[in-house]
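> Sharing run-v2.cif, mmCIF, C-alpha atoms:
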data_final
#
loop_
_atom_site.label_atom_id
_atom_site.label_comp_id
_atom_site.auth_asym_id
_atom_site.auth_seq_id
_atom_site.Cartn_x
_atom_site.Cartn_y
_atom_site.Cartn_z
CA MET Y 1 0.00 0.00 0.00
CA ASN Y 2 1.09 3.57 -0.63
CA GLY Y 3 1.36 4.27 3.07
CA VAL Y 4 3.17 6.76 5.22
CA HIS Y 5 5.50 3.95 6.34
CA ASP Y 6 7.13 4.02 2.88
CA LEU Y 7 9.58 6.73 3.87
CA GLY Y 8 12.49 6.39 1.42
CA GLY Y 9 13.34 9.79 -0.05
CA MET Y 10 10.78 11.80 1.92
CA HIS Y 11 11.71 15.25 3.18
CA GLY Y 12 10.86 17.04 6.38
CA PHE Y 13 11.94 14.67 9.14
CA GLY Y 14 14.97 16.73 10.10
CA GLN Y 15 18.33 15.57 11.38
CA VAL Y 16 19.06 12.12 12.73
CA VAL Y 17 18.97 12.51 16.50
CA ARG Y 18 21.12 10.15 18.56
CA GLU Y 19 20.76 9.32 22.20
CA GLU Y 20 23.86 8.80 24.33
CA HIS Y 21 23.90 5.64 26.45
CA GLU Y 22 20.53 4.54 25.21
CA PRO Y 23 18.79 1.93 27.39
CA LEU Y 24 17.54 -1.32 25.87
CA PHE Y 25 13.95 -0.26 26.59
CA HIS Y 26 12.84 3.23 27.61
CA ALA Y 27 10.05 1.88 29.82
CA ALA Y 28 9.14 -1.54 31.15
CA TRP Y 29 5.99 -1.84 28.98
CA GLU Y 30 8.15 -1.74 25.83
CA GLY Y 31 9.86 -4.97 26.85
CA HIS Y 32 6.46 -6.51 27.53
CA VAL Y 33 5.16 -5.56 24.07
CA ALA Y 34 8.31 -6.97 22.45
CA ALA Y 35 8.02 -10.20 24.44
CA ILE Y 36 4.28 -10.62 23.82
CA ASN Y 37 4.81 -10.18 20.11
CA LEU Y 38 7.72 -12.62 19.86
CA LEU Y 39 5.85 -15.27 21.85
CA VAL Y 40 2.46 -14.99 20.15
CA ARG Y 41 3.91 -14.63 16.67
CA GLY Y 42 6.39 -17.41 17.43
CA ALA Y 43 3.45 -19.67 18.30
CA GLY Y 44 2.14 -19.10 14.77
CA TYR Y 45 -0.93 -16.95 15.41
CA TYR Y 46 0.22 -14.44 12.82
CA ASN Y 47 3.34 -14.03 10.68
CA ILE Y 48 6.00 -11.35 10.27
CA ASP Y 49 4.37 -9.97 7.12
CA ALA Y 50 0.96 -9.62 8.77
CA PHE Y 51 2.79 -7.98 11.69
CA ARG Y 52 4.37 -5.38 9.38
CA HIS Y 53 1.13 -4.83 7.48
CA GLY Y 54 -0.71 -4.18 10.73
CA ILE Y 55 1.62 -1.25 11.36
CA GLU Y 56 1.12 0.07 7.83
CA LEU Y 57 -2.65 0.04 8.36
CA MET Y 58 -2.43 2.54 11.22
CA PRO Y 59 -4.00 5.89 10.26
CA PRO Y 60 -1.08 7.99 8.93
CA ALA Y 61 -1.27 10.68 11.61
CA GLU Y 62 -1.33 8.02 14.31
CA TYR Y 63 1.62 6.19 12.75
CA LEU Y 64 3.69 9.38 12.79
CA ARG Y 65 2.66 10.29 16.33
CA SER Y 66 3.44 6.85 17.78
CA SER Y 67 6.72 5.54 19.10
CA TYR Y 68 8.24 2.32 17.78
CA TYR Y 69 6.76 0.06 20.45
CA GLU Y 70 3.40 1.88 20.33
CA ARG Y 71 3.28 0.84 16.68
CA TRP Y 72 4.13 -2.72 17.73
CA LEU Y 73 1.30 -2.71 20.27
CA ALA Y 74 -1.11 -1.48 17.60
CA THR Y 75 -0.27 -4.30 15.19
CA VAL Y 76 -0.28 -7.00 17.88
CA GLU Y 77 -3.78 -5.86 18.85
CA ARG Y 78 -4.92 -5.77 15.24
CA ASN Y 79 -3.56 -9.22 14.42
CA LEU Y 80 -5.02 -10.83 17.54
CA ALA Y 81 -8.41 -9.29 16.74
CA GLU Y 82 -8.21 -10.47 13.12
CA GLN Y 83 -7.49 -13.99 14.33
CA GLY Y 84 -10.51 -13.77 16.63
CA LEU Y 85 -8.27 -14.23 19.67
CA ILE Y 86 -9.42 -10.98 21.23
CA GLY Y 87 -13.00 -10.09 20.54
CA GLY Y 88 -14.97 -6.87 20.25
CA ASP Y 89 -14.51 -4.62 23.24
CA GLU Y 90 -12.74 -7.24 25.37
CA LEU Y 91 -9.52 -5.25 25.50
CA GLU Y 92 -11.28 -1.92 26.18
CA ALA Y 93 -13.20 -3.60 29.00
CA ARG Y 94 -9.99 -4.95 30.54
CA VAL Y 95 -8.34 -1.52 30.25
CA ALA Y 96 -11.34 0.02 31.99
CA PHE Y 97 -11.24 -2.64 34.71
CA LEU Y 98 -7.53 -2.08 35.41
CA ARG Y 99 -8.13 1.67 35.47
CA GLU Y 100 -10.68 1.21 38.21
CA HIS Y 101 -8.67 -1.44 40.06
CA PRO Y 102 -5.03 -0.39 39.82
CA GLY Y 103 -4.04 -2.90 42.49
CA ALA Y 104 -5.65 -5.91 40.76
CA ASN Y 105 -3.37 -8.89 40.38
CA PRO Y 106 -3.79 -10.46 36.97
CA PRO Y 107 -3.57 -14.26 36.73
CA ARG Y 108 -0.15 -15.80 36.13
CA ALA Y 109 -1.48 -18.54 33.84
CA GLY Y 110 -4.72 -19.38 32.07
CA SER Y 111 -7.11 -22.26 32.29
CA ALA Y 112 -9.00 -21.91 29.01
CA PRO Y 113 -8.26 -24.37 26.19
CA VAL Y 114 -5.73 -22.80 23.81
CA PRO Y 115 -6.91 -22.40 20.23
CA ALA Y 116 -4.56 -23.77 17.58
CA PRO Y 117 -3.14 -21.27 15.09
CA ALA Y 118 -4.91 -21.31 11.72
CA ALA Y 119 -2.91 -23.25 9.14
CA PRO Y 120 -2.03 -21.15 6.08
CA PRO Y 121 -3.04 -22.54 2.70
CA ALA Y 122 -0.48 -24.66 0.88
CA SER Y 123 1.60 -22.86 -1.69
CA PRO Y 124 2.49 -23.86 -5.23
CA ALA Y 125 6.16 -24.52 -5.99
CA SER Y 126 8.24 -21.43 -6.62
CA PRO Y 127 8.04 -20.33 -10.28
CA ALA Y 128 11.27 -20.55 -12.29
CA PRO Y 129 13.39 -17.43 -11.74
CA ARG Y 130 13.22 -15.03 -14.69
CA PHE Y 131 16.47 -13.15 -14.08
CA ALA Y 132 20.16 -13.74 -13.50
CA ALA Y 133 22.95 -11.61 -12.05
CA GLY Y 134 24.01 -8.80 -14.39
CA GLU Y 135 20.68 -8.50 -16.20
CA ALA Y 136 18.96 -5.12 -16.49
CA ILE Y 137 15.47 -4.80 -15.01
CA VAL Y 138 12.77 -2.23 -14.41
CA ALA Y 139 10.94 -2.30 -11.09
CA ARG Y 140 7.24 -2.44 -11.91
CA ASN Y 141 5.18 0.71 -11.55
CA VAL Y 142 2.46 -0.92 -9.50
CA HIS Y 143 0.41 0.35 -6.56
CA PRO Y 144 -1.03 -2.62 -4.68
CA ALA Y 145 -3.53 -1.64 -2.01
CA GLY Y 146 -2.33 -4.46 0.27
CA HIS Y 147 1.07 -5.24 1.75
CA THR Y 148 4.12 -4.95 -0.47
CA ARG Y 149 7.87 -4.61 0.01
CA LEU Y 150 8.38 -2.69 -3.22
CA PRO Y 151 8.98 0.89 -2.07
CA ARG Y 152 7.61 3.76 -4.13
CA TYR Y 153 11.02 5.29 -4.73
CA VAL Y 154 12.15 2.43 -6.99
CA ARG Y 155 8.93 1.83 -8.92
CA GLY Y 156 9.47 2.42 -12.63
CA LYS Y 157 13.24 2.70 -12.12
CA ARG Y 158 15.91 0.78 -14.00
CA GLY Y 159 18.32 -1.37 -12.07
CA VAL Y 160 20.63 -4.34 -12.44
CA ILE Y 161 20.37 -7.75 -10.77
CA HIS Y 162 23.31 -7.70 -8.38
CA ARG Y 163 22.76 -11.17 -7.00
CA ALA Y 164 20.12 -13.89 -7.05
CA TYR Y 165 19.42 -15.29 -3.58
CA TRP Y 166 16.93 -18.18 -3.37
CA PRO Y 167 13.13 -18.44 -3.44
CA GLN Y 168 11.66 -16.77 -0.35
CA THR Y 169 8.21 -16.21 1.13
CA PHE Y 170 6.32 -13.58 -0.85
CA PRO Y 171 5.15 -10.96 1.67
CA ASP Y 172 2.39 -9.59 -0.57
CA ALA Y 173 0.65 -12.97 -0.24
CA ASN Y 174 1.77 -14.09 3.19
CA ALA Y 175 0.62 -10.89 4.92
CA HIS Y 176 -2.93 -11.64 3.81
CA GLY Y 177 -3.13 -15.26 4.94
CA LEU Y 178 -2.63 -16.56 1.40
CA GLY Y 179 0.35 -18.77 2.25
CA LYS Y 180 4.02 -18.35 1.53
CA GLN Y 181 3.91 -18.51 -2.28
CA PRO Y 182 7.72 -18.36 -2.48
CA GLN Y 183 9.44 -16.78 -5.43
CA MET Y 184 13.01 -15.85 -6.27
CA LEU Y 185 14.50 -12.97 -4.30
CA TYR Y 186 17.16 -10.76 -5.86
CA SER Y 187 19.49 -8.07 -4.64
CA VAL Y 188 18.90 -5.29 -7.19
CA ARG Y 189 21.27 -2.34 -7.68
CA PHE Y 190 20.08 1.14 -8.66
CA THR Y 191 22.23 4.21 -9.24
CA GLY Y 192 21.56 7.30 -7.16
CA ARG Y 193 21.13 9.21 -10.41
CA GLU Y 194 18.37 6.85 -11.62
CA LEU Y 195 16.50 7.21 -8.33
CA TRP Y 196 17.02 10.86 -7.50
CA GLY Y 197 18.01 12.55 -10.78
CA ASP Y 198 19.97 15.76 -10.41
CA SER Y 199 19.47 15.67 -6.64
CA ALA Y 200 21.60 12.52 -6.30
CA GLU Y 201 24.82 12.75 -4.35
CA PRO Y 202 28.00 11.74 -6.20
CA GLY Y 203 29.03 8.10 -6.29
CA GLN Y 204 25.92 6.59 -4.77
CA VAL Y 205 24.30 3.22 -5.40
CA VAL Y 206 21.29 1.71 -3.61
CA TYR Y 207 20.49 -1.98 -3.27
CA LEU Y 208 17.06 -3.43 -2.50
CA ASP Y 209 15.93 -7.01 -2.06
CA LEU Y 210 13.11 -7.51 -4.54
CA TRP Y 211 11.00 -10.51 -5.50
CA ASP Y 212 10.74 -11.83 -9.05
CA SER Y 213 7.21 -10.55 -9.70
CA TYR Y 214 8.23 -6.99 -8.72
CA LEU Y 215 10.44 -6.86 -11.81
CA ASP Y 216 10.24 -6.67 -15.60
CA PRO Y 217 13.11 -7.06 -18.05
CA ALA Y 218 14.48 -3.63 -18.98
CA PRO Y 219 13.60 -2.58 -22.52
CA ALA Y 220 16.69 -2.63 -24.75
CA MET G 221 -7.69 4.51 44.50
CA THR G 222 -8.22 5.25 40.79
CA TYR G 223 -6.02 5.22 37.74
CA ASP G 224 -3.19 7.74 37.80
CA PRO G 225 -1.52 8.45 34.45
CA GLU G 226 1.42 9.93 36.33
CA GLN G 227 2.04 6.51 37.87
CA GLU G 228 1.36 4.48 34.76
CA PRO G 229 1.11 5.96 31.24
CA TYR G 230 -1.91 4.85 29.22
CA VAL G 231 0.16 2.70 26.83
CA ALA G 232 1.63 0.81 29.77
CA LEU G 233 -1.84 0.21 31.18
CA ARG G 234 -3.05 -0.98 27.80
CA THR G 235 -0.09 -3.35 27.47
CA ARG G 236 -0.83 -4.76 30.91
CA ALA G 237 -4.48 -5.23 29.95
CA LEU G 238 -3.53 -7.05 26.76
CA GLU G 239 -1.03 -9.27 28.54
CA SER G 240 -3.52 -10.22 31.25
CA LEU G 241 -6.12 -11.16 28.63
CA LEU G 242 -3.65 -13.31 26.70
CA ILE G 243 -2.57 -15.05 29.89
CA GLU G 244 -6.18 -15.77 30.82
CA LYS G 245 -6.75 -17.21 27.37
CA GLY G 246 -3.73 -19.47 27.73
CA LEU G 247 -1.89 -17.83 24.81
CA LEU G 248 0.89 -16.68 27.13
CA THR G 249 2.16 -17.31 30.62
CA ALA G 250 3.58 -14.56 32.81
CA GLU G 251 6.64 -16.74 33.23
CA ALA G 252 7.28 -16.92 29.49
CA VAL G 253 6.98 -13.14 29.20
CA ASP G 254 9.42 -12.60 32.08
CA GLU G 255 11.84 -15.12 30.59
CA GLN G 256 11.69 -13.43 27.15
CA ILE G 257 12.37 -10.01 28.72
CA SER G 258 15.36 -11.43 30.62
CA GLU G 259 16.60 -12.86 27.36
CA PHE G 260 16.49 -9.39 25.77
CA GLU G 261 18.40 -8.07 28.78
CA ARG G 262 21.02 -10.83 28.64
CA ASP G 263 21.62 -10.24 24.94
CA ILE G 264 25.11 -8.81 24.57
CA GLY G 265 24.02 -6.92 21.45
CA PRO G 266 26.76 -5.41 19.27
CA LEU G 267 29.49 -7.28 21.16
CA LYS G 268 28.56 -10.30 19.03
CA GLY G 269 29.19 -8.42 15.80
CA ALA G 270 32.42 -7.01 17.20
CA LYS G 271 33.72 -10.56 17.73
CA VAL G 272 32.93 -11.36 14.10
CA VAL G 273 34.74 -8.24 12.88
CA ALA G 274 37.85 -8.82 15.00
CA ARG G 275 38.10 -12.43 13.80
CA ALA G 276 37.79 -11.28 10.18
CA TRP G 277 40.60 -8.76 10.72
CA VAL G 278 43.05 -11.32 12.08
CA ASP G 279 42.06 -14.36 10.00
CA PRO G 280 41.93 -13.78 6.21
CA ALA G 281 40.54 -17.26 5.53
CA PHE G 282 37.66 -16.65 7.96
CA LYS G 283 37.06 -13.26 6.35
CA ALA G 284 36.77 -14.88 2.92
CA ARG G 285 34.27 -17.43 4.25
CA LEU G 286 32.34 -14.66 6.03
CA LEU G 287 32.06 -12.49 2.95
CA ALA G 288 30.92 -15.52 0.96
CA SER G 289 28.22 -16.41 3.49
CA GLY G 290 27.03 -15.09 6.86
CA GLU G 291 26.83 -18.73 7.93
CA ALA G 292 30.50 -18.36 8.90
CA ILE G 293 29.49 -16.50 12.09
CA ALA G 294 28.94 -19.98 13.57
CA GLU G 295 32.75 -20.17 13.80
CA VAL G 296 32.73 -17.51 16.55
CA GLY G 297 29.89 -19.24 18.38
CA LEU G 298 26.91 -17.33 16.96
CA PRO G 299 23.81 -18.96 15.49
CA SER G 300 24.54 -19.61 11.83
CA SER G 301 22.33 -17.68 9.40
CA ASN G 302 22.44 -17.77 5.63
CA TYR G 303 20.17 -14.70 5.71
CA LEU G 304 23.13 -12.63 6.92
CA VAL G 305 25.25 -10.82 4.33
CA VAL G 306 28.50 -9.14 5.40
CA LEU G 307 29.69 -6.13 3.37
CA GLU G 308 33.34 -5.09 3.43
CA ASN G 309 34.24 -1.42 3.66
CA THR G 310 37.43 -0.43 1.82
CA PRO G 311 39.15 2.89 1.05
CA THR G 312 37.11 3.08 -2.19
CA ASP G 313 33.77 1.54 -1.20
CA HIS G 314 31.65 2.39 1.84
CA HIS G 315 28.54 0.41 2.82
CA LEU G 316 25.60 1.71 4.82
CA VAL G 317 22.54 -0.23 6.05
CA VAL G 318 18.96 1.04 6.44
CA CYS G 319 15.36 -0.18 6.29
CA THR G 320 13.09 2.45 4.74
CA LEU G 321 9.83 0.48 5.12
CA CYS G 322 10.14 -0.52 8.78
CA SER G 323 13.25 -1.13 10.88
CA CYS G 324 14.80 -4.43 9.73
CA TYR G 325 18.13 -4.86 11.48
CA PRO G 326 20.67 -7.69 11.88
CA TRP G 327 19.60 -8.71 15.40
CA VAL G 328 21.69 -11.88 15.23
CA VAL G 329 24.93 -9.88 15.28
CA LEU G 330 23.94 -6.47 16.67
CA GLY G 331 21.05 -7.06 19.10
CA LEU G 332 18.12 -4.64 19.19
CA PRO G 333 18.48 -1.50 17.03
CA PRO G 334 19.11 1.96 18.49
CA THR G 335 16.25 4.46 18.29
CA TRP G 336 17.97 6.60 15.66
CA TYR G 337 18.07 3.62 13.28
CA LYS G 338 14.27 3.35 13.62
CA SER G 339 13.72 7.12 13.28
CA PHE G 340 11.81 8.64 10.38
CA ALA G 341 14.78 10.94 9.69
CA TYR G 342 17.24 8.07 9.16
CA ARG G 343 14.77 5.86 7.27
CA SER G 344 13.77 8.64 4.87
CA ARG G 345 17.19 10.12 4.19
CA ALA G 346 19.76 7.32 4.18
CA VAL G 347 18.77 6.24 0.65
CA SER G 348 18.52 9.72 -0.86
CA GLU G 349 21.26 11.71 0.87
CA PRO G 350 23.61 9.26 2.59
CA ARG G 351 26.57 11.67 2.54
CA ALA G 352 24.55 14.33 4.35
CA VAL G 353 23.44 11.74 6.92
CA LEU G 354 27.00 10.47 7.43
CA ARG G 355 28.19 14.05 7.91
CA GLU G 356 25.74 14.39 10.80
CA PHE G 357 27.42 11.33 12.31
CA GLY G 358 30.76 13.08 11.89
CA LEU G 359 31.88 11.00 8.91
CA GLU G 360 32.99 12.93 5.84
CA LEU G 361 33.77 10.66 2.88
CA ASP G 362 35.75 11.77 -0.15
CA GLU G 363 33.67 12.22 -3.31
CA SER G 364 35.72 9.50 -4.97
CA VAL G 365 34.38 6.91 -2.50
CA THR G 366 31.36 4.99 -3.74
CA ILE G 367 28.58 4.80 -1.14
CA HIS G 368 26.58 1.57 -1.26
CA VAL G 369 23.28 1.91 0.61
CA TRP G 370 21.48 -1.34 1.49
CA ASP G 371 17.74 -0.96 1.99
CA SER G 372 16.73 -4.12 3.88
CA SER G 373 13.43 -4.68 2.08
CA ALA G 374 13.23 -8.47 2.61
CA GLU G 375 14.48 -10.95 5.23
CA MET G 376 18.13 -10.71 4.20
CA ARG G 377 20.09 -8.88 6.88
CA TYR G 378 23.18 -6.77 6.28
CA MET G 379 26.17 -6.04 8.48
CA VAL G 380 29.18 -3.91 7.60
CA LEU G 381 32.73 -5.17 8.09
CA PRO G 382 34.53 -1.90 8.83
CA GLU G 383 38.12 -1.16 7.82
CA ARG G 384 40.75 -2.15 10.35
CA PRO G 385 42.31 1.06 11.64
CA ALA G 386 46.01 1.68 11.07
CA GLY G 387 48.33 1.19 14.02
CA THR G 388 46.50 -1.85 15.40
CA GLU G 389 48.93 -4.49 14.13
CA ASP G 390 50.05 -5.43 17.65
CA LEU G 391 46.59 -5.77 19.17
CA THR G 392 45.08 -9.11 20.06
CA GLU G 393 41.76 -10.27 18.64
CA GLU G 394 40.10 -9.40 21.94
CA GLU G 395 41.61 -5.91 22.01
CA LEU G 396 40.51 -5.38 18.42
CA ALA G 397 36.94 -6.43 19.24
CA ALA G 398 36.84 -3.77 21.96
CA LEU G 399 37.48 -1.08 19.32
CA VAL G 400 34.55 -2.06 17.09
CA THR G 401 31.40 -0.01 17.55
CA ARG G 402 27.81 -0.77 16.63
CA ASP G 403 27.72 2.35 14.46
CA ALA G 404 30.69 1.12 12.42
CA MET G 405 28.87 -2.15 11.73
CA ILE G 406 25.81 -0.23 10.45
CA GLY G 407 28.12 1.91 8.34
CA VAL G 408 27.59 5.36 9.90
CA ALA G 409 31.07 5.47 11.43
CA LYS G 410 34.59 4.17 10.98
CA VAL G 411 36.51 2.32 13.63
CA ALA G 412 39.03 4.67 15.22
CA ALA G 413 42.53 3.59 16.27
CA PRO G 414 42.92 3.22 20.03
CA ASP G 415 45.34 6.10 20.54
CA ARG G 416 43.03 8.64 18.94
CA PRO G 417 40.59 10.58 21.11
CA GLY G 418 37.10 9.11 21.22
CA ALA G 419 38.34 5.81 19.85
CA ALA G 420 36.20 3.58 22.00
CA ALA G 421 33.16 5.84 22.01
CA ASP G 422 29.98 4.37 20.59
#
Using structure tokens, write down the structure from this file.

Amino acid sequence: MNGVHDLGGMHGFGQVVREEHEPLFHAAWEGHVAAINLLVRGAGYYNIDAFRHGIELMPPAEYLRSSYYERWLATVERNLAEQGLIGGDELEARVAFLREHPGANPPRAGSAPVPAPAAPPASPASPAPRFAAGEAIVARNVHPAGHTRLPRYVRGKRGVIHRAYWPQTFPDANAHGLGKQPQMLYSVRFTGRELWGDSAEPGQVVYLDLWDSYLDPAPA
Amino acid sequence: MTYDPEQEPYVALRTRALESLLIEKGLLTAEAVDEQISEFERDIGPLKGAKVVARAWVDPAFKARLLASGEAIAEVGLPSSNYLVVLENTPTDHHLVVCTLCSCYPWVVLGLPPTWYKSFAYRSRAVSEPRAVLREFGLELDESVTIHVWDSSAEMRYMVLPERPAGTEDLTEEELAALVTRDAMIGVAKVAAPDRPGAAAD
């Protein structure tokens, strides 16, 4: 999707600000969000692509206003709701309860039967790769409304296959519960000039990892 | 007693509510959450990558295997990963790693990413004006140096093998590892020689 998360080349975000002696987490809840996500995702209730897409689906203003782990919390909530693991206003009700009873001790373990993660559909074998290292390509000028890992700043641009990796899970399918549908992944090299025109800095090349169906052969 | 946002920010309350629901539903246990958080805290982060770099500096055969495949990190006791690609900085070629779409980062060698790596400023600018970004980090590269920017758009993970600083011929592998900074392995800094001011700063 053409979302606000697709930041490459955008202006207006200012200088890169660094923090001296940065702690691992800035507050205890951040560690909890990170742990909850790793455990629930690790158990197979949603996958990494659905996790990323859940962040992209945040309203743009909210995305920009939120911190990194606030965005994680948002996508964990969304994915659990989509899987039917947290229903309706269940979470809001629990928030309200804890607000009213700040001293309440939550249970340490559950007693309910644990639902099994939904099995993703089987995928066809990976299609034969269409490109080899050294070949010229054009990144497709496409604008899928769902999840994609083809950033706007390379769409329609000419590049060269730097290296062919191996068939890998296709995020555009996997994020939507359509299975892994693996296809060949390539490292693709673009010149700064091709991407940024006269604004490019001298001697700059940019590499992206792009799937086979993101690419077309470059016209001669 | 009612809820006090001074005591507990709303997002922390909401996280606690979510966690308690998931525990009740049997999707999590409090013990597993605590154990996972301790694991994050035990993670030695960039020290792992520094070991890889120091070994590559002293052992050319290891370096060749490492540049051919990230699986070679198993030789210094790290979990082998063929998704890891190591990029060698030289006097003519400088590599820099970013993720413009989210914050993909080579956790296996560097631990959790610093906040600046996840910032909108870094994600938006590293691909379009890397020299300007590097200048803000205090690194001015000659115009003759090619800058290779790696936008981690898939599951492949990139780590930079920085140049070994001059004047470190007599150092042991362990002493060399102590010089290597996280920033140098992302590509926003060089590794400074030990006798120069700020050499060990991160």
> Just so the selection is clear, what residues does the PyMOL selection byres ((chain G and resi 227-232) around 10) cover here, as a VMD selection string?
(chain Y and resid 27 to 30 32 to 33 69 to 70 73 95 99 102) or (chain G and resid 223 to 226 233 to 238)
> Do a neighbour search on segment 173-181 of chain Y at 10 Å with all atoms listed in the file, toss out local chain neighbours closer than 4 positions, and write the hits as a list in words.
Tyr46, Asn47, Ile48, Asp49, Ala50, Phe51, Arg52, His53, Gly54, Ala118, Ala119, Pro120, Pro121, Ala122, Ser123, Pro124, Ala125, Ser126, Pro127, Gly146, His147, Thr148, Pro167, Gln168 and Thr169 of chain Y
> Write out as a ChimeraX atom specification which residues come within 6 Å of segment 209-214 of chain Y when counting all atoms listed in the file, dropping same-chain ones fewer than 4 positions away.
/Y:139-140,184-187 /G:373-374
> Taking the file as shown, find all residues satisfying the PyMOL selection byres ((chain G and resi 382) around 8) and write them as a list of chain:residue names.
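When the PyMOL selection byres ((chain G and resi 382) around 8) is applied, the selected residues are G:Val273, G:Glu308, G:Asn309, G:Thr310, G:Val380, G:Leu381, G:Glu383, G:Arg384, G:Ala404, G:Met405, G:Gly407, G:Lys410, G:Val411.
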> Residues of chain Y near chain G: apply a cut-off of 6 Å, count all atoms listed in the file, and supply the list as a count of residues only.
31
> Which of these, Y:Ala116, Y:Ala96, Y:Met58, Y:Leu64, has the shortest distance to Gln83 of chain Y once you count all atoms listed in the file?
Y:Ala116
> In Å, rounded to a single decimal, give me how far atom CA of Ile36 of chain Y is from atom CA of Val76 of chain Y.
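Separation of atom CA of Val76 of chain Y and atom CA of Ile36 of chain Y: 8.3 Å.
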> Could you check which of Y:Ala74, Y:Ala104, Y:Ala145, Y:Ala218 is closest to Arg158 of chain Y, using all atoms listed in the file?
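Among the listed residues, the smallest separation from Arg158 of chain Y belongs to Y:Ala218.
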> Would you work out the distance separating atom CA of Gly387 of chain G from atom CA of Ala294 of chain G, expressed in Å to one decimal?
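Atom CA of Ala294 of chain G lies at a distance of 28.7 Å from atom CA of Gly387 of chain G.
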> What's the separation between atom CA of Asp172 of chain Y and atom CA of Pro299 of chain G, in Å to one decimal place?
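Computing it gives 28.4 Å between the two atoms.
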> Can you give me, as a PyMOL selection string, the residues this file yields under the PyMOL selection byres ((chain Y and resi 141) around 6)?
chain Y and resi 140+142+155-156
> Counting only C-alpha atoms, figure out which residue out of G:Asp415, G:Glu360, G:Glu395, G:Asp279 gets nearest to Glu295 of chain G.
G:Asp279
> Which one is closest to Leu307 of chain G: G:Ala413, G:Tyr378, G:Leu391, G:Lys271? Count all atoms listed in the file.
G:Tyr378
> Can you work out which one of G:Arg377, G:Pro414, G:Leu399, G:Val306 has the shortest atom-to-atom distance to Ala270 of chain G, counting all atoms listed in the file?
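Of G:Arg377, G:Pro414, G:Leu399, G:Val306, the one nearest Ala270 of chain G is G:Leu399, counting all atoms listed in the file.
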> Where atoms are absent from segment 188-202 of chain Y, fill them in so it carries N, CA and C atoms, then output it as a PDB file, keeping the file's coordinate frame.

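Done, and the output landed in part-v6.pdb:
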ATOM      1  N   VAL Y 188      18.929  -6.100  -5.967  1.00  0.00           N
ATOM      2  CA  VAL Y 188      18.900  -5.290  -7.190  1.00  0.00           C
ATOM      3  C   VAL Y 188      19.581  -3.951  -6.920  1.00  0.00           C
ATOM      4  N   ARG Y 189      20.475  -3.560  -7.852  1.00  0.00           N
ATOM      5  CA  ARG Y 189      21.270  -2.340  -7.680  1.00  0.00           C
ATOM      6  C   ARG Y 189      20.714  -1.213  -8.555  1.00  0.00           C
ATOM      7  N   PHE Y 190      20.523  -0.056  -7.942  1.00  0.00           N
ATOM      8  CA  PHE Y 190      20.080   1.140  -8.660  1.00  0.00           C
ATOM      9  C   PHE Y 190      21.120   2.243  -8.452  1.00  0.00           C
ATOM     10  N   THR Y 191      21.322   3.080  -9.464  1.00  0.00           N
ATOM     11  CA  THR Y 191      22.230   4.210  -9.240  1.00  0.00           C
ATOM     12  C   THR Y 191      21.456   5.329  -8.546  1.00  0.00           C
ATOM     13  N   GLY Y 192      22.175   6.143  -7.788  1.00  0.00           N
ATOM     14  CA  GLY Y 192      21.560   7.300  -7.160  1.00  0.00           C
ATOM     15  C   GLY Y 192      20.939   8.207  -8.207  1.00  0.00           C
ATOM     16  N   ARG Y 193      21.610   8.334  -9.333  1.00  0.00           N
ATOM     17  CA  ARG Y 193      21.130   9.210 -10.410  1.00  0.00           C
ATOM     18  C   ARG Y 193      19.780   8.731 -10.953  1.00  0.00           C
ATOM     19  N   GLU Y 194      19.641   7.392 -11.126  1.00  0.00           N
ATOM     20  CA  GLU Y 194      18.370   6.850 -11.620  1.00  0.00           C
ATOM     21  C   GLU Y 194      17.236   7.135 -10.632  1.00  0.00           C
ATOM     22  N   LEU Y 195      17.547   7.048  -9.345  1.00  0.00           N
ATOM     23  CA  LEU Y 195      16.500   7.210  -8.330  1.00  0.00           C
ATOM     24  C   LEU Y 195      16.174   8.672  -8.048  1.00  0.00           C
ATOM     25  N   TRP Y 196      17.215   9.501  -8.028  1.00  0.00           N
ATOM     26  CA  TRP Y 196      17.020  10.860  -7.500  1.00  0.00           C
ATOM     27  C   TRP Y 196      17.363  11.954  -8.516  1.00  0.00           C
ATOM     28  N   GLY Y 197      17.721  11.558  -9.738  1.00  0.00           N
ATOM     29  CA  GLY Y 197      18.010  12.550 -10.780  1.00  0.00           C
ATOM     30  C   GLY Y 197      19.122  13.493 -10.377  1.00  0.00           C
ATOM     31  N   ASP Y 198      18.934  14.762 -10.679  1.00  0.00           N
ATOM     32  CA  ASP Y 198      19.970  15.760 -10.410  1.00  0.00           C
ATOM     33  C   ASP Y 198      20.217  15.950  -8.911  1.00  0.00           C
ATOM     34  N   SER Y 199      19.283  15.507  -8.089  1.00  0.00           N
ATOM     35  CA  SER Y 199      19.470  15.670  -6.640  1.00  0.00           C
ATOM     36  C   SER Y 199      20.414  14.628  -6.059  1.00  0.00           C
ATOM     37  N   ALA Y 200      20.771  13.605  -6.842  1.00  0.00           N
ATOM     38  CA  ALA Y 200      21.600  12.520  -6.300  1.00  0.00           C
ATOM     39  C   ALA Y 200      22.946  13.040  -5.851  1.00  0.00           C
ATOM     40  N   GLU Y 201      23.449  12.453  -4.796  1.00  0.00           N
ATOM     41  CA  GLU Y 201      24.820  12.750  -4.350  1.00  0.00           C
ATOM     42  C   GLU Y 201      25.781  11.995  -5.254  1.00  0.00           C
ATOM     43  N   PRO Y 202      27.034  12.449  -5.344  1.00  0.00           N
ATOM     44  CA  PRO Y 202      28.000  11.740  -6.200  1.00  0.00           C
ATOM     45  C   PRO Y 202      28.298  10.332  -5.688  1.00  0.00           C
TER      46      PRO Y 202
END
